[in-house]
Amino acid sequence: MEESELCFAFGKNWQNFVDTGMQNQRITSAVNSIKHLLNAQNLQTKTFLNIGCGSGLFSLAAYLLGAEKVMSFDYDPDSVQASIRLRDRMDIPAKKWEIFRDSILDKDFYVTLNRADVVYSWGVLYHTGAMWQALDNVIAFLKPGGMLAISIYNNVEKRLGGSTFWWRVKRTYNQSSKIVQHLMGYTYVVYFCLGVAITLRNPYKIIDGYGSDASTRGMDFWHNVRDWVGGFPYGYATAGEIFTYVHEKHKPELMFLETHDGHVYNQFTFHKPASSD
């Protein structure tokens, strides 16, 4: 397989999450995470575009927050099916939550799709293999006066086990057999548990309660482990690099920034002034 063709099976992972891990408590946590990121109690009268919808959990959260219409798309057909499965399970009309397959890198597509009041692309753009181009294209979907919510993995290149190291781990994972992939996943879990235990916390308690609050967004620990270890393509940037690129090139205002040390994501919410073209 050519390196340009290497890609983690994101959709298979999210289909399994929809089937085994989609609990009411996780849905509530996802709703609260969107409230936190957008500093909004509801999305009434708003259109919501979820780019890279994955399991569909956050599109569902937007619908539950009262969005006038939710639009979701993903390049991975299995992610599209996972979202459709969730929509059907929740008995939500397709006219209120539209789901389709396409790529954020497809210029012919992104210039024709209607702009939205809220554009949400959490943990997606760095998996496209062309993060900066994808970021440009995402901003094109935003209505004047709208909000853009994104997250990008932090660049920790200058430390032991930095971003390049993890790029190589992820590439190796996707080049390996299923047995090796399982071993890599369990090795990471051991590493995680040791790191937690060193701080005198209970690893089991953290794993068992993962996804129960807004900070973990309703996600499931084991599905997130597979997504982290295997997530390739893999891009990264410092918070300053993202802010400078977006603000200087596209001129939106920064509403919210949450940064983290280490390999964790940085979260951004930008506001596009109503007077923008």
# chains A, B, ... in the order shown; residues from 1 in each chain; ligands from 1
$ closest_atom_pairs --of "range 150-196 of chain A" --to "range 205-224 of chain A" --cutoff "12 Å" --atoms "only C-alpha atoms" --output "Markdown table"
| residue | atom | partner | partner_atom | distance |
| --- | --- | --- | --- | --- |
| A:His182 | CA | A:Trp222 | CA | 11.5 |
| A:Gly185 | CA | A:Trp222 | CA | 9.0 |
| A:Tyr186 | CA | A:Trp222 | CA | 9.9 |
| A:Tyr188 | CA | A:Trp222 | CA | 10.8 |
| A:Val189 | CA | A:Trp222 | CA | 8.9 |
| A:Val190 | CA | A:Ile207 | CA | 12.0 |
| A:Phe192 | CA | A:Ile207 | CA | 10.0 |
| A:Cys193 | CA | A:Ile207 | CA | 9.0 |
| A:Gly195 | CA | A:Ile206 | CA | 11.9 |
| A:Val196 | CA | A:Ile206 | CA | 8.6 |
$ select_by_dssp --residues "range 66-248 of chain A" --states "helix (DSSP H, G or I)" --output "ChimeraX atom specification"
/A:77-89,107-110,125-127,131-140,163-175,178-198,203-208,214-216,221-230,239-248
$ select_by_dssp --residues "range 49-86 of chain A" --states "strand (DSSP E)" --output "PyMOL selection string"
chain A and resi 49-51+69-74
$ closest_residue --among "A:Val119, A:Leu105, A:Ala130, A:Ala274" --to "Phe58 in chain A" --atoms "only C-alpha atoms"
A:Val119
$ closest_residue --among "A:Gln133, A:Tyr191, A:Ala149, A:Phe17" --to "Ser33 in chain A" --atoms "only C-alpha atoms"
A:Ala149
$ atom_distance --atom1 "CA of Gln25 in chain A" --atom2 "CA of Leu57 in chain A"
11.9 Å
$ closest_residue --among "A:Met255, A:Ala9, A:Ile92, A:Ala30" --to "Asn174 in chain A" --atoms "only C-alpha atoms"
A:Ala9
$ residues_around --residues "Arg101 in chain A" --least-positions-apart "6" --cutoff "12 Å" --atoms "only C-alpha atoms" --output "mmCIF file with N, CA and C atoms, in the first residue's frame"
data_model
loop_
_atom_site.group_PDB
_atom_site.id
_atom_site.type_symbol
_atom_site.label_atom_id
_atom_site.label_comp_id
_atom_site.auth_asym_id
_atom_site.auth_seq_id
_atom_site.Cartn_x
_atom_site.Cartn_y
_atom_site.Cartn_z
ATOM 1 N N GLY A 11 -14.420 4.898 10.267
ATOM 2 C CA GLY A 11 -15.841 4.586 10.234
ATOM 3 C C GLY A 11 -16.200 3.273 10.899
ATOM 4 N N ASN A 50 -21.805 19.703 10.422
ATOM 5 C CA ASN A 50 -20.820 18.854 11.072
ATOM 6 C C ASN A 50 -19.924 18.231 9.995
ATOM 7 N N ILE A 51 -18.694 18.718 9.914
ATOM 8 C CA ILE A 51 -17.743 18.250 8.906
ATOM 9 C C ILE A 51 -16.899 17.136 9.505
ATOM 10 N N GLY A 52 -17.008 15.941 8.931
ATOM 11 C CA GLY A 52 -16.365 14.773 9.509
ATOM 12 C C GLY A 52 -17.205 14.260 10.661
ATOM 13 N N CYS A 53 -18.420 13.789 10.355
ATOM 14 C CA CYS A 53 -19.419 13.527 11.401
ATOM 15 C C CYS A 53 -19.146 12.265 12.203
ATOM 16 N N GLY A 54 -18.301 11.352 11.717
ATOM 17 C CA GLY A 54 -17.941 10.174 12.495
ATOM 18 C C GLY A 54 -19.139 9.353 12.927
ATOM 19 N N MET A 71 -26.710 19.394 9.154
ATOM 20 C CA MET A 71 -26.138 18.783 7.967
ATOM 21 C C MET A 71 -24.824 18.121 8.364
ATOM 22 N N SER A 72 -24.646 16.860 7.967
ATOM 23 C CA SER A 72 -23.460 16.108 8.355
ATOM 24 C C SER A 72 -22.870 15.430 7.130
ATOM 25 N N PHE A 73 -21.546 15.478 7.022
ATOM 26 C CA PHE A 73 -20.927 14.678 5.973
ATOM 27 C C PHE A 73 -19.586 14.152 6.438
ATOM 28 N N ASP A 74 -19.158 13.096 5.773
ATOM 29 C CA ASP A 74 -17.887 12.446 6.084
ATOM 30 C C ASP A 74 -17.383 11.783 4.809
ATOM 31 N N TYR A 75 -16.053 11.700 4.706
ATOM 32 C CA TYR A 75 -15.458 11.035 3.547
ATOM 33 C C TYR A 75 -15.548 9.522 3.666
ATOM 34 N N ASP A 76 -15.552 9.004 4.896
ATOM 35 C CA ASP A 76 -15.573 7.570 5.153
ATOM 36 C C ASP A 76 -17.014 7.062 5.051
ATOM 37 N N PRO A 77 -17.320 6.166 4.110
ATOM 38 C CA PRO A 77 -18.705 5.689 3.962
ATOM 39 C C PRO A 77 -19.222 4.963 5.198
ATOM 40 N N ASP A 78 -18.326 4.340 5.965
ATOM 41 C CA ASP A 78 -18.764 3.663 7.185
ATOM 42 C C ASP A 78 -19.177 4.667 8.265
ATOM 43 N N SER A 79 -18.520 5.825 8.299
ATOM 44 C CA SER A 79 -18.949 6.889 9.211
ATOM 45 C C SER A 79 -20.320 7.421 8.809
ATOM 46 N N VAL A 80 -20.534 7.576 7.514
ATOM 47 C CA VAL A 80 -21.842 8.024 7.033
ATOM 48 C C VAL A 80 -22.921 7.044 7.481
ATOM 49 N N GLN A 81 -22.647 5.749 7.329
ATOM 50 C CA GLN A 81 -23.627 4.742 7.731
ATOM 51 C C GLN A 81 -23.834 4.728 9.248
ATOM 52 N N ALA A 82 -22.762 4.975 10.011
ATOM 53 C CA ALA A 82 -22.898 5.042 11.468
ATOM 54 C C ALA A 82 -23.833 6.175 11.862
ATOM 55 N N SER A 83 -23.671 7.334 11.221
ATOM 56 C CA SER A 83 -24.524 8.485 11.529
ATOM 57 C C SER A 83 -25.972 8.228 11.122
ATOM 58 N N ILE A 84 -26.167 7.614 9.960
ATOM 59 C CA ILE A 84 -27.524 7.282 9.517
ATOM 60 C C ILE A 84 -28.168 6.309 10.491
ATOM 61 N N PHE A 109 -17.310 20.436 -4.465
ATOM 62 C CA PHE A 109 -18.339 20.227 -3.456
ATOM 63 C C PHE A 109 -18.477 21.422 -2.540
#
$ closest_residue --among "A:Phe165, A:His247, A:Ile198, A:Phe100" --to "His263 in chain A" --atoms "only C-alpha atoms"
A:Phe165
$ closest_residue --among "A:Gly145, A:Gly231, A:Pro273, A:Gly162" --to "Cys7 in chain A" --atoms "only C-alpha atoms"
A:Gly231
$ closest_residue --among "A:Leu135, A:Gly161, A:Pro144, A:Val169" --to "Phe232 in chain A" --atoms "only C-alpha atoms"
A:Val169
$ atom_distance --atom1 "CA of Asn13 in chain A" --atom2 "CA of Gly230 in chain A"
10.4 Å
